[in-house]
$ cat upload_13.tsv   # TSV, C-alpha atoms and all ligand atoms
chain	number	residue	atom	x	y	z
Y	219	MET	CA	0.00	0.00	0.00
Y	220	ARG	CA	2.84	2.38	0.86
Y	221	LYS	CA	4.22	1.93	-2.65
Y	222	VAL	CA	1.10	3.23	-4.32
Y	223	ARG	CA	1.75	6.77	-5.38
Y	224	GLY	CA	-0.23	9.23	-7.44
Y	225	PRO	CA	1.40	8.46	-10.80
Y	226	ILE	CA	0.60	4.74	-10.43
Y	227	LEU	CA	-3.05	5.51	-10.02
Y	228	ASP	CA	-2.91	7.92	-12.96
Y	229	GLN	CA	-1.42	5.11	-15.04
Y	230	LEU	CA	-4.07	2.67	-13.88
Y	231	TYR	CA	-6.87	5.07	-14.75
Y	232	ALA	CA	-5.32	5.75	-18.16
Y	233	ARG	CA	-5.11	1.97	-18.75
Y	234	LEU	CA	-8.71	1.39	-17.76
Y	235	LYS	CA	-9.75	4.18	-20.06
Y	236	ARG	CA	-8.11	2.36	-22.98
Y	237	CYS	CA	-9.34	-1.13	-22.05
Y	238	GLY	CA	-11.08	-2.52	-19.01
Y	239	ASP	CA	-9.18	-5.82	-19.36
Y	240	LEU	CA	-6.13	-5.50	-17.13
Y	241	SER	CA	-4.20	-8.17	-19.08
Y	242	CYS	CA	-4.46	-6.09	-22.25
Y	243	THR	CA	-1.39	-4.17	-23.38
Y	244	GLY	CA	-3.14	-2.47	-26.27
Y	245	ARG	CA	-1.62	-4.81	-28.87
Y	246	PRO	CA	-3.89	-7.35	-30.58
Y	247	PHE	CA	-4.00	-10.77	-28.93
Y	248	THR	CA	-6.18	-13.87	-28.76
Y	249	GLU	CA	-8.38	-14.38	-25.75
Y	250	HIS	CA	-7.78	-18.08	-25.11
Y	251	ARG	CA	-10.41	-20.11	-23.35
Y	252	ASN	CA	-9.02	-23.21	-21.78
Y	253	VAL	CA	-11.88	-25.47	-22.73
Y	254	PRO	CA	-10.46	-28.96	-23.34
Y	255	VAL	CA	-11.14	-30.90	-26.52
Y	256	LEU	CA	-14.07	-33.18	-25.83
Y	257	VAL	CA	-13.66	-36.51	-27.60
Y	258	LEU	CA	-16.31	-39.17	-27.35
Y	259	ASN	CA	-14.84	-42.65	-27.45
Y	260	PRO	CA	-17.37	-45.06	-29.05
Y	261	ARG	CA	-15.61	-48.03	-27.42
Y	262	ASP	CA	-15.90	-46.42	-23.97
Y	263	ARG	CA	-18.74	-48.12	-22.08
Y	264	ARG	CA	-19.61	-44.94	-20.18
Y	265	PRO	CA	-22.38	-42.82	-21.66
Y	266	ALA	CA	-21.41	-39.69	-23.62
Y	267	TRP	CA	-22.47	-37.21	-20.89
Y	268	GLN	CA	-20.27	-39.02	-18.39
Y	269	GLN	CA	-17.26	-38.87	-20.70
Y	270	VAL	CA	-17.78	-35.13	-21.20
Y	271	THR	CA	-18.21	-34.62	-17.44
Y	272	GLU	CA	-14.96	-36.54	-16.78
Y	273	THR	CA	-12.95	-34.50	-19.31
Y	274	LEU	CA	-14.23	-31.20	-17.95
Y	275	SER	CA	-13.79	-32.09	-14.28
Y	276	GLU	CA	-10.26	-33.29	-15.04
Y	277	ALA	CA	-9.51	-29.90	-16.67
Y	278	ILE	CA	-10.89	-28.11	-13.59
Y	279	ARG	CA	-9.01	-30.36	-11.09
Y	280	SER	CA	-5.74	-29.96	-12.96
Y	281	GLY	CA	-6.20	-26.19	-12.96
Y	282	SER	CA	-6.15	-25.71	-16.70
Y	283	LEU	CA	-9.69	-24.44	-16.29
Y	284	ALA	CA	-9.18	-21.99	-13.43
Y	285	PRO	CA	-11.69	-20.62	-10.91
Y	286	GLY	CA	-13.65	-17.77	-12.46
Y	287	ASP	CA	-13.09	-18.99	-16.04
Y	288	GLU	CA	-16.19	-18.72	-18.11
Y	289	LEU	CA	-17.35	-21.81	-19.98
Y	290	PRO	CA	-19.16	-21.49	-23.29
Y	291	SER	CA	-22.93	-21.80	-23.09
Y	292	ILE	CA	-24.56	-25.17	-23.76
Y	293	THR	CA	-25.48	-24.29	-27.34
Y	294	GLU	CA	-22.11	-22.67	-28.02
Y	295	LEU	CA	-20.13	-25.60	-26.65
Y	296	SER	CA	-22.34	-28.04	-28.51
Y	297	ALA	CA	-21.66	-26.22	-31.79
Y	298	LEU	CA	-17.92	-25.81	-31.13
Y	299	GLN	CA	-17.32	-29.43	-30.23
Y	300	ASP	CA	-20.03	-31.03	-32.35
Y	301	ILE	CA	-21.67	-32.78	-29.40
Y	302	GLY	CA	-25.42	-32.85	-28.75
Y	303	THR	CA	-26.86	-30.17	-26.43
Y	304	GLY	CA	-28.52	-32.87	-24.29
Y	305	VAL	CA	-25.12	-34.40	-23.54
Y	306	ILE	CA	-23.58	-31.01	-22.63
Y	307	ARG	CA	-26.59	-30.06	-20.50
Y	308	ARG	CA	-26.37	-33.29	-18.50
Y	309	ALA	CA	-22.61	-32.81	-18.05
Y	310	PHE	CA	-23.12	-29.21	-16.85
Y	311	GLU	CA	-25.82	-30.34	-14.43
Y	312	THR	CA	-23.52	-32.99	-12.97
Y	313	LEU	CA	-20.61	-30.55	-12.63
Y	314	THR	CA	-22.91	-28.02	-10.97
Y	315	ALA	CA	-24.18	-30.67	-8.54
Y	316	ASP	CA	-20.56	-31.60	-7.76
Y	317	GLY	CA	-19.83	-27.94	-7.02
Y	318	LEU	CA	-17.20	-27.66	-9.74
Y	319	ILE	CA	-19.01	-25.08	-11.82
Y	320	LEU	CA	-21.56	-22.40	-10.99
Y	321	ALA	CA	-24.65	-22.10	-13.11
Y	322	ARG	CA	-25.69	-18.50	-13.64
Y	323	ARG	CA	-29.17	-17.50	-14.66
Y	324	GLY	CA	-29.19	-16.20	-18.22
Y	325	GLN	CA	-25.41	-16.48	-18.47
Y	326	SER	CA	-22.95	-19.23	-19.25
Y	327	PRO	CA	-21.51	-21.07	-16.22
Y	328	ILE	CA	-18.18	-20.28	-14.59
Y	329	VAL	CA	-15.67	-22.48	-12.82
Y	330	ALA	CA	-16.29	-22.41	-9.05
Y	331	GLY	CA	-13.77	-21.07	-6.59
Y	332	THR	CA	-12.02	-17.78	-5.99
Y	333	ALA	CA	-10.45	-16.34	-9.10
Y	334	ALA	CA	-6.81	-15.29	-8.82
Y	335	PRO	CA	-6.32	-11.54	-9.16
Y	336	VAL	CA	-5.43	-10.46	-12.67
Y	337	LEU	CA	-1.99	-8.90	-12.79
Y	338	PRO	CA	-1.51	-6.22	-15.41
Y	339	GLY	CA	0.22	-7.52	-18.51
Y	340	THR	CA	-0.26	-11.22	-17.66
Y	341	ARG	CA	-2.42	-13.28	-19.89
Y	342	LYS	CA	-3.84	-16.76	-19.97
Y	343	ARG	CA	-1.63	-19.04	-22.06
Y	344	ALA	CA	-2.90	-21.91	-24.10
Y	345	GLY	CA	-1.96	-25.31	-22.66
Y	346	PRO	CA	-0.64	-28.31	-24.59
Y	347	GLY	CA	-3.12	-29.91	-26.97
Y	348	HIS	CA	-5.13	-26.68	-26.99
Y	349	ASP	CA	-7.40	-26.22	-29.98
Y	350	CYS	CA	-8.42	-22.58	-30.39
Y	351	ARG	CA	-11.22	-23.45	-32.80
Y	352	ARG	CA	-12.85	-26.00	-30.52
Y	353	ALA	CA	-12.28	-23.98	-27.37
Y	354	GLY	CA	-13.94	-20.98	-28.99
Y	355	CYS	CA	-10.98	-18.59	-28.55
Y	356	ARG	CA	-11.56	-15.10	-29.91
Y	357	PRO	CA	-9.44	-12.16	-30.90
Y	358	HIS	CA	-9.48	-9.61	-28.09
Y	359	VAL	CA	-11.59	-6.53	-28.64
Y	360	CYS	CA	-10.73	-3.64	-26.35
Y	361	HIS	CA	-13.53	-2.47	-24.11
Y	362	PRO	CA	-12.73	0.98	-22.79
Y	363	MET	CA	-14.04	1.58	-19.32
Y	364	LYS	CA	-16.49	4.44	-18.99
Y	365	ALA	CA	-15.17	7.57	-17.31
Y	366	SER	CA	-17.99	7.34	-14.79
Y	367	THR	CA	-16.96	3.76	-13.87
Y	368	ILE	CA	-13.34	4.81	-13.37
Y	369	ARG	CA	-14.51	7.70	-11.21
Y	370	GLY	CA	-16.47	5.14	-9.19
Y	371	ILE	CA	-13.30	3.10	-8.71
Y	372	HIS	CA	-11.44	6.26	-7.74
Y	373	SER	CA	-14.00	7.13	-5.08
Y	374	ILE	CA	-13.82	3.61	-3.61
Y	375	LEU	CA	-10.01	3.85	-3.49
Y	376	SER	CA	-10.21	7.34	-1.98
Y	377	GLY	CA	-12.41	6.05	0.80
Y	378	ALA	CA	-10.16	3.05	1.44
Y	379	PHE	CA	-7.00	5.16	1.54
Y	380	ALA	CA	-8.62	7.76	3.77
Y	381	ALA	CA	-9.49	4.98	6.24
Y	382	ALA	CA	-5.97	3.54	5.98
Y	383	GLN	CA	-4.55	6.96	6.77
Y	384	ARG	CA	-6.92	7.43	9.72
Y	385	TRP	CA	-5.83	4.09	11.12
Y	386	GLU	CA	-2.19	5.06	10.53
Y	387	TRP	CA	-1.49	2.17	8.17
Y	388	THR	CA	-0.09	4.69	5.75
Y	389	ASP	CA	0.85	8.32	6.16
Y	390	ARG	CA	-0.12	9.42	2.68
Y	391	ASN	CA	-3.27	9.21	0.67
Y	392	PRO	CA	-2.18	8.75	-2.97
Y	393	THR	CA	-5.70	9.29	-4.27
Y	394	ARG	CA	-5.35	12.94	-3.27
Y	395	SER	CA	-2.94	13.63	-6.12
Y	396	ALA	CA	-4.39	11.13	-8.60
Y	397	LYS	CA	-6.60	12.49	-11.31
Y	398	PRO	CA	-9.57	10.41	-12.37
Y	399	PRO	CA	-10.99	11.13	-15.82
Y	400	THR	CA	-13.49	13.94	-15.83
Y	401	ALA	CA	-16.98	12.86	-16.65
Y	402	ILE	CA	-18.32	14.68	-19.63
Y	403	ARG	CA	-21.91	15.53	-18.95
Y	404	ARG	CA	-23.97	15.43	-22.06
Y	405	PRO	CA	-26.50	18.23	-21.96
Y	406	ILE	CA	-29.98	16.80	-21.73
Y	407	PRO	CA	-32.18	18.35	-24.39
Y	408	ALA	CA	-34.87	20.35	-22.65
Y	409	THR	CA	-38.44	19.27	-23.17
Y	410	SER	CA	-40.45	21.71	-25.27
Y	411	PRO	CA	-43.26	23.75	-23.67
Y	412	ASP	CA	-45.75	21.93	-25.90
Y	413	ASP	CA	-44.65	18.54	-24.62
Y	414	VAL	CA	-44.69	19.69	-21.00
Y	415	ALA	CA	-48.21	21.04	-21.52
Y	416	LYS	CA	-49.26	17.67	-22.96
Y	417	VAL	CA	-48.06	15.81	-19.86
Y	418	ILE	CA	-49.76	18.31	-17.54
Y	419	ALA	CA	-53.03	17.89	-19.45
Y	420	GLU	CA	-52.70	14.11	-19.17
Y	421	ALA	CA	-51.92	14.36	-15.44
Y	422	ARG	CA	-54.88	16.71	-14.90
Y	423	GLY	CA	-57.14	14.17	-16.61
Y	424	ARG	CA	-56.05	11.57	-14.06
Y	425	SER	CA	-56.50	13.82	-11.05
Y	426	ALA	CA	-56.65	17.57	-10.57
Y	427	ALA	CA	-54.12	17.27	-7.75
Y	428	LEU	CA	-51.59	15.47	-9.92
Y	429	GLY	CA	-52.04	18.08	-12.64
Y	430	LEU	CA	-51.41	20.87	-10.14
Y	431	TYR	CA	-48.41	19.05	-8.71
Y	432	LEU	CA	-46.72	18.77	-12.09
Y	433	TRP	CA	-47.70	22.33	-12.97
Y	434	LEU	CA	-45.98	23.52	-9.79
Y	435	VAL	CA	-42.88	21.44	-10.60
Y	436	VAL	CA	-42.37	23.27	-13.87
Y	437	VAL	CA	-43.41	26.78	-12.89
Y	438	THR	CA	-41.53	26.79	-9.59
Y	439	GLY	CA	-38.72	24.34	-10.35
Y	440	VAL	CA	-38.83	22.96	-6.80
Y	441	ARG	CA	-37.71	19.44	-5.97
Y	442	ARG	CA	-40.31	16.71	-5.81
Y	443	GLY	CA	-39.87	16.22	-2.06
Y	444	GLU	CA	-40.04	19.96	-1.42
Y	445	LEU	CA	-43.39	20.03	-3.17
Y	446	CYS	CA	-44.58	17.01	-1.19
Y	447	GLY	CA	-43.55	18.80	2.02
Y	448	LEU	CA	-45.60	21.88	1.15
Y	449	GLN	CA	-48.17	22.68	3.86
Y	450	ILE	CA	-51.20	24.93	3.76
Y	451	ARG	CA	-49.38	27.62	5.79
Y	452	ASP	CA	-46.58	27.71	3.23
Y	453	VAL	CA	-48.93	29.12	0.62
Y	454	ASP	CA	-49.67	32.83	0.61
Y	455	LEU	CA	-52.16	33.38	-2.15
Y	456	ASP	CA	-52.74	37.05	-1.27
Y	457	ARG	CA	-49.13	37.94	-1.86
Y	458	GLY	CA	-48.57	35.31	-4.57
Y	459	LEU	CA	-45.87	33.40	-2.66
Y	460	ILE	CA	-45.00	29.93	-1.63
Y	461	HIS	CA	-42.54	29.10	1.11
Y	462	ILE	CA	-40.19	26.17	0.49
Y	463	ALA	CA	-39.11	25.15	3.95
Y	464	PHE	CA	-38.78	21.40	3.97
Y	465	ASN	CA	-37.81	18.54	1.79
Y	466	TYR	CA	-39.75	15.36	2.20
Y	467	VAL	CA	-37.68	12.23	1.74
Y	468	VAL	CA	-38.23	8.55	2.25
Y	469	ARG	CA	-35.24	6.86	3.77
Y	470	GLY	CA	-35.23	3.17	4.64
Y	471	GLY	CA	-38.99	3.08	4.49
Y	472	GLN	CA	-39.19	5.98	6.97
Y	473	ARG	CA	-40.67	9.29	5.91
Y	474	VAL	CA	-38.46	12.10	6.99
Y	475	ARG	CA	-39.35	15.75	6.88
Y	476	LYS	CA	-36.05	17.54	6.81
Y	477	ASP	CA	-34.61	20.92	6.05
Y	478	THR	CA	-34.43	21.65	2.36
Y	479	LYS	CA	-31.47	20.06	0.63
Y	480	THR	CA	-29.47	23.24	0.85
Y	481	HIS	CA	-30.65	24.19	4.35
Y	482	GLN	CA	-32.02	27.34	2.84
Y	483	ASP	CA	-35.67	27.90	2.95
Y	484	ARG	CA	-36.81	30.20	0.22
Y	485	TRP	CA	-39.81	32.16	-0.97
Y	486	LEU	CA	-40.93	31.80	-4.54
Y	487	ALA	CA	-43.19	34.01	-6.55
Y	488	ILE	CA	-46.20	32.39	-8.13
Y	489	ASP	CA	-48.22	34.05	-10.84
Y	490	PRO	CA	-51.96	34.85	-10.56
Y	491	ASP	CA	-52.95	31.84	-12.71
Y	492	THR	CA	-51.07	29.48	-10.43
Y	493	CYS	CA	-52.69	31.14	-7.41
Y	494	THR	CA	-56.09	30.47	-8.99
Y	495	LEU	CA	-55.19	26.81	-9.54
Y	496	ILE	CA	-54.04	26.40	-5.93
Y	497	ALA	CA	-57.12	28.21	-4.61
Y	498	ALA	CA	-59.37	25.85	-6.59
Y	499	HIS	CA	-57.44	22.86	-5.21
Y	500	LEU	CA	-57.81	24.14	-1.63
Y	501	ASP	CA	-61.52	24.83	-2.12
Y	502	GLU	CA	-62.01	21.29	-3.31
Y	503	ILE	CA	-60.24	19.85	-0.25
Y	504	ARG	CA	-62.16	22.12	2.14
Y	505	THR	CA	-65.51	21.21	0.56
Y	506	GLU	CA	-64.69	17.54	0.80
Y	507	LEU	CA	-63.62	17.83	4.45
Y	508	ALA	CA	-66.68	19.94	5.31
Y	509	THR	CA	-68.96	17.03	4.41
Y	510	VAL	CA	-67.41	15.07	7.28
Y	511	GLY	CA	-67.19	18.10	9.54
Y	512	VAL	CA	-63.41	18.43	9.47
Y	513	GLU	CA	-61.50	21.67	8.99
Y	514	LEU	CA	-58.34	21.93	6.94
Y	515	ARG	CA	-55.55	22.59	9.39
Y	516	ASP	CA	-52.67	24.95	8.80
Y	517	ASP	CA	-50.16	22.14	9.02
Y	518	ALA	CA	-52.09	19.91	6.61
Y	519	TYR	CA	-50.34	19.02	3.40
Y	520	LEU	CA	-51.25	20.42	0.01
Y	521	PHE	CA	-50.74	17.04	-1.61
Y	522	SER	CA	-51.98	14.13	0.40
Y	523	ASN	CA	-53.83	10.86	0.06
Y	524	GLU	CA	-54.94	10.94	3.67
Y	525	PRO	CA	-58.43	11.95	4.81
Y	526	ALA	CA	-57.55	15.19	6.60
Y	527	HIS	CA	-54.40	15.74	4.52
Y	528	SER	CA	-52.36	14.98	7.62
Y	529	GLY	CA	-49.57	13.20	5.74
Y	530	PRO	CA	-47.92	14.14	2.47
Y	531	TRP	CA	-47.59	12.20	-0.76
Y	532	ASN	CA	-44.69	9.80	-0.85
Y	533	PRO	CA	-42.19	11.41	-3.29
Y	534	ASP	CA	-41.65	8.03	-4.98
Y	535	TRP	CA	-45.36	7.69	-5.51
Y	536	ALA	CA	-45.48	11.16	-7.08
Y	537	THR	CA	-42.59	10.25	-9.37
Y	538	HIS	CA	-44.40	7.08	-10.38
Y	539	LYS	CA	-47.65	8.92	-11.13
Y	540	VAL	CA	-45.87	11.59	-13.18
Y	541	ALA	CA	-44.04	8.86	-15.12
Y	542	GLU	CA	-47.36	7.19	-15.89
Y	543	ALA	CA	-48.85	10.43	-17.17
Y	544	ALA	CA	-45.76	11.20	-19.27
Y	545	ALA	CA	-45.81	7.71	-20.79
Y	546	ALA	CA	-49.49	8.04	-21.61
Y	547	ALA	CA	-48.82	11.41	-23.26
Y	548	GLY	CA	-45.93	9.89	-25.20
Y	549	VAL	CA	-43.43	12.41	-23.80
Y	550	LYS	CA	-40.11	11.72	-22.14
Y	551	LEU	CA	-40.37	13.72	-18.94
Y	552	ASP	CA	-39.87	13.11	-15.26
Y	553	ILE	CA	-39.80	15.45	-12.28
Y	554	LYS	CA	-36.06	16.06	-12.63
Y	555	GLY	CA	-36.70	16.80	-16.29
Y	556	GLY	CA	-39.34	19.28	-15.14
Y	557	ARG	CA	-36.74	21.16	-13.09
Y	558	HIS	CA	-34.41	21.05	-16.06
Y	559	TYR	CA	-37.19	22.52	-18.18
Y	560	THR	CA	-37.64	25.36	-15.68
Y	561	ALA	CA	-33.95	26.22	-15.68
Y	562	SER	CA	-33.38	26.01	-19.40
Y	563	GLN	CA	-36.52	27.91	-20.34
Y	564	LEU	CA	-35.74	30.70	-17.88
Y	565	LEU	CA	-32.22	31.05	-19.22
Y	566	ALA	CA	-33.47	30.86	-22.81
Y	567	GLY	CA	-36.06	33.50	-21.94
Y	568	GLY	CA	-33.31	35.90	-20.90
Y	569	PHE	CA	-33.62	35.56	-17.13
Y	570	ASP	CA	-30.25	35.80	-15.51
Y	571	LEU	CA	-28.47	32.81	-14.04
Y	572	CYS	CA	-28.43	34.21	-10.52
Y	573	ASN	CA	-32.19	34.56	-10.35
Y	574	THR	CA	-32.74	31.18	-11.95
Y	575	ALA	CA	-30.44	29.55	-9.43
Y	576	ALA	CA	-32.24	31.26	-6.57
Y	577	ARG	CA	-35.55	29.98	-7.87
Y	578	LEU	CA	-34.32	26.42	-8.15
Y	579	GLY	CA	-32.64	26.66	-4.78
Y	580	PRO	CA	-29.15	25.21	-5.21
Y	581	SER	CA	-26.53	25.94	-2.59
Y	582	GLY	CA	-25.05	29.38	-2.21
Y	583	GLY	CA	-27.83	31.17	-4.01
Y	584	GLY	CA	-28.06	33.75	-1.28
Y	585	ALA	CA	-31.76	33.09	-1.10
Y	586	THR	CA	-31.88	33.37	2.69
Y	587	THR	CA	-31.38	37.12	2.51
Y	588	LEU	CA	-34.61	37.37	0.58
Y	589	ARG	CA	-36.51	36.76	3.79
Y	590	HIS	CA	-35.44	40.14	5.08
Y	591	TYR	CA	-37.15	42.07	2.35
Y	592	ALA	CA	-40.69	43.33	2.76
Y	593	ASP	CA	-41.51	41.54	-0.44
Y	594	PRO	CA	-39.35	38.45	-0.08
Y	595	VAL	CA	-38.98	37.89	-3.81
Y	596	PRO	CA	-37.33	40.25	-6.24
Y	597	GLU	CA	-39.30	41.67	-9.10
Y	598	VAL	CA	-37.42	39.47	-11.56
Y	599	ASP	CA	-38.72	36.34	-9.80
Y	600	ARG	CA	-42.25	37.65	-10.27
Y	601	ARG	CA	-41.56	38.03	-13.95
Y	602	ALA	CA	-40.00	34.55	-14.06
Y	603	ALA	CA	-43.08	33.02	-12.49
Y	604	ALA	CA	-45.39	34.75	-14.94
Y	605	TYR	CA	-43.16	33.88	-17.86
Y	606	LEU	CA	-43.05	30.16	-17.01
Y	607	ALA	CA	-46.78	29.98	-16.47
Y	608	ARG	CA	-47.51	31.68	-19.77
Y	609	LEU	CA	-45.00	29.54	-21.64
Y	610	THR	CA	-46.27	26.29	-20.20
Y	611	ALA	CA	-49.95	27.08	-20.52
Y	612	GLY	CA	-49.37	27.82	-24.19
Y	613	PRO	CA	-52.08	29.07	-26.55
Y	614	THR	CA	-54.77	27.29	-24.51
Y	615	SER	CA	-54.23	29.76	-21.67
Y	616	GLN	CA	-57.24	31.80	-20.65
Y	617	ASP	CA	-55.76	35.18	-21.51
U	1	ZN	ZN	-6.91	-20.54	-27.88
U	2	ZN	ZN	-7.90	-4.44	-24.71
$ encode --input "upload_13.tsv" --output "structure tokens" --more "lines below"
Ligand SMILES: [Zn+2]
Ligand SMILES: [Zn+2]
Amino acid sequence: MRKVRGPILDQLYARLKRCGDLSCTGRPFTEHRNVPVLVLNPRDRRPAWQQVTETLSEAIRSGSLAPGDELPSITELSALQDIGTGVIRRAFETLTADGLILARRGQSPIVAGTAAPVLPGTRKRAGPGHDCRRAGCRPHVCHPMKASTIRGIHSILSGAFAAAQRWEWTDRNPTRSAKPPTAIRRPIPATSPDDVAKVIAEARGRSAALGLYLWLVVVTGVRRGELCGLQIRDVDLDRGLIHIAFNYVVRGGQRVRKDTKTHQDRWLAIDPDTCTLIAAHLDEIRTELATVGVELRDDAYLFSNEPAHSGPWNPDWATHKVAEAAAAAGVKLDIKGGRHYTASQLLAGGFDLCNTAARLGPSGGGATTLRHYADPVPEVDRRAAAYLARLTAGPTSQD
């Protein structure tokens, strides 16, 4: 461990980027498979499957087929060695029962046991009597490892080395100076206003609440859990504001109401149309509760499946419902995509990045200071709210 230094990790990452096979040097080579030649002796009194089983188990016991080696599939081996599939299947079943090979669902079996670690630059050699054609050997094709996978490896190593350093097994953490490949994020094409409107219409058809939920996702850009956590007291329809104070998350089956992701509660402007939609939603809930003589409490949730709206929607459930509506509308959109829509449309509409960021609520937006203003949202956020509502409502809008 002490010998691992930054440059070694850099080299490893560079290698993985070229080919994920550690035995590969970049030059062409044959990937040998040490499958023995299976010969059926007609004078042998043992049945064919037993002869095949014997040959294979001998190869495994002698180590020429090593733990972790992948065997060809039944059909592949049958074709390579010109032996019936029934014979191969019976042989595989026997070897599996004997614990020599491991059957894998939907995949070809592998030799049981712990595979030896692959050392860079070392490759499986073909043994004596090896027949590439019958073993099914193939020319190696390089499989570059994805940058994101290498970054995953880097983060595992970073954690391991950090622990080693904490326990004083090593005094340096080489992952500090190593440079994993940077992940190139492909920009996701933003959904068009027309498509978003289609999904909202579909959602509305399923339930007015779901339609409003999705509408709020795109015109406010809040996270799904933040919207689930919205309570009656967080909505100020007179001033056209909503207060994003909590994020609702489900962790290990437990519903947790926690501070917003960024620990910054924020006020968002909502346009008059959105206020009307929310007011209609609240009226509907109040009317429904009135029939059973219950009042809508201040700490009740805007979106709830419970009688008195005492508990919020499960964010996963909301995601699922939105996905259903999007699929029915034939549009690729999820709640994250809705936030993406909000951001990209605001920027495309000429709203500045700072305001857009404050609306979406990422860290360091300075949104907390907004609370100290008489009107907690700047004029530009008012315009943003109106702009998004108009854009999303499209030509079918009332005005
Ligand atoms: Zn070979
Ligand atoms: Zn390769």
$ residues_near_ligand --input "upload_13.tsv" --ligand "ligand ZN 2 (chain U)" --cutoff "8 Å" --atoms "all atoms listed in the file" --output "ChimeraX atom specification"
/Y:236-246,358-362
$ closest_residue --input "upload_13.tsv" --among "Y:Asp316, Y:Asp599, Y:Glu513, Y:Asp349" --to "ligand ZN 1 (chain U)" --atoms "all atoms listed in the file"
Y:Asp349
$ residues_near_ligand --input "upload_13.tsv" --ligand "ligand ZN 1 (chain U)" --cutoff "12 Å" --atoms "all atoms listed in the file" --output "NGL selection string"
:Y and (247-255 or 341-358)
$ closest_residue --input "upload_13.tsv" --among "Y:Thr505, Y:Ala284, Y:Ala315, Y:Ile460" --to "Thr332 (chain Y)" --atoms "all atoms listed in the file"
Y:Ala284
$ residues_around --input "upload_13.tsv" --residues "Ala378 (chain Y)" --least-positions-apart "3" --cutoff "12 Å" --atoms "all atoms listed in the file" --output "JSON, numbers by chain"
{"Y": [219, 371, 372, 373, 374, 375, 381, 382, 383, 384, 385, 387, 388, 390, 391, 392, 393, 394]}
$ write_last_selection --input "upload_13.tsv" --atoms "C-alpha atoms" --output "compact mmCIF listing (two decimals), in the coordinates of the input"
# COMPACT_ATOMS: atom_id res chain seq x y z
CA MET Y 219 0.00 0.00 0.00
CA ILE Y 371 -13.30 3.10 -8.71
CA HIS Y 372 -11.44 6.26 -7.74
CA SER Y 373 -14.00 7.13 -5.08
CA ILE Y 374 -13.82 3.61 -3.61
CA LEU Y 375 -10.01 3.85 -3.49
CA ALA Y 381 -9.49 4.98 6.24
CA ALA Y 382 -5.97 3.54 5.98
CA GLN Y 383 -4.55 6.96 6.77
CA ARG Y 384 -6.92 7.43 9.72
CA TRP Y 385 -5.83 4.09 11.12
CA TRP Y 387 -1.49 2.17 8.17
CA THR Y 388 -0.09 4.69 5.75
CA ARG Y 390 -0.12 9.42 2.68
CA ASN Y 391 -3.27 9.21 0.67
CA PRO Y 392 -2.18 8.75 -2.97
CA THR Y 393 -5.70 9.29 -4.27
CA ARG Y 394 -5.35 12.94 -3.27
$ residues_around --input "upload_13.tsv" --residues "Phe569 (chain Y)" --least-positions-apart "4" --cutoff "10 Å" --atoms "all atoms listed in the file" --output "ChimeraX atom specification"
/Y:561-565,573-574,598-599,601-602,605
$ residues_around --input "upload_13.tsv" --residues "Glu420 (chain Y)" --least-positions-apart "6" --cutoff "12 Å" --atoms "all atoms listed in the file" --output "compact mmCIF listing (two decimals) with C-alpha atoms, in the frame of the given file"
# COMPACT_ATOMS: atom_id res chain seq x y z
CA ASP Y 413 -44.65 18.54 -24.62
CA VAL Y 414 -44.69 19.69 -21.00
CA ALA Y 426 -56.65 17.57 -10.57
CA ALA Y 427 -54.12 17.27 -7.75
CA LEU Y 428 -51.59 15.47 -9.92
CA GLY Y 429 -52.04 18.08 -12.64
CA LEU Y 430 -51.41 20.87 -10.14
CA LEU Y 432 -46.72 18.77 -12.09
CA TRP Y 433 -47.70 22.33 -12.97
CA LYS Y 539 -47.65 8.92 -11.13
CA VAL Y 540 -45.87 11.59 -13.18
CA ALA Y 541 -44.04 8.86 -15.12
CA GLU Y 542 -47.36 7.19 -15.89
CA ALA Y 543 -48.85 10.43 -17.17
CA ALA Y 544 -45.76 11.20 -19.27
CA ALA Y 545 -45.81 7.71 -20.79
CA ALA Y 546 -49.49 8.04 -21.61
CA ALA Y 547 -48.82 11.41 -23.26
CA GLY Y 548 -45.93 9.89 -25.20
CA VAL Y 549 -43.43 12.41 -23.80
$ residues_around --input "upload_13.tsv" --residues "Val329 (chain Y)" --least-positions-apart "5" --cutoff "7 Å" --atoms "only C-alpha atoms" --output "PyMOL selection string"
chain Y and resi 284-288+318-320
$ atom_distance --input "upload_13.tsv" --atom1 "CA of Arg307 (chain Y)" --atom2 "CA of Ala266 (chain Y)"
11.4 Å
$ atom_distance --input "upload_13.tsv" --atom1 "CA of Ala232 (chain Y)" --atom2 "CA of Ala334 (chain Y)"
23.1 Å
$ closest_residue --input "upload_13.tsv" --among "Y:Leu274, Y:Gly281, Y:Thr312, Y:Gln299" --to "Gly331 (chain Y)" --atoms "all atoms listed in the file"
Y:Gly281
$ closest_residue --input "upload_13.tsv" --among "Y:Ala463, Y:Arg442, Y:Leu283, Y:Thr367" --to "Ile328 (chain Y)" --atoms "all atoms listed in the file"
Y:Leu283
$ closest_atom_pairs --input "upload_13.tsv" --of "region 499-562 of chain Y" --to "region 435-441 of chain Y" --cutoff "9 Å" --atoms "all atoms listed in the file" --output "CSV"
residue,atom,partner,partner_atom,distance
Y:Ile553,CA,Y:Val435,CA,6.9
Y:Lys554,CA,Y:Arg441,CA,7.6
Y:Gly555,CA,Y:Val436,CA,8.9
Y:Gly556,CA,Y:Val436,CA,5.2
Y:Arg557,CA,Y:Gly439,CA,4.6
Y:His558,CA,Y:Gly439,CA,7.9
Y:Tyr559,CA,Y:Val436,CA,6.8
Y:Thr560,CA,Y:Val436,CA,5.5
Y:Ala561,CA,Y:Gly439,CA,7.4
$ atom_distance --input "upload_13.tsv" --atom1 "CA of Ala415 (chain Y)" --atom2 "CA of Ala603 (chain Y)"
15.9 Å
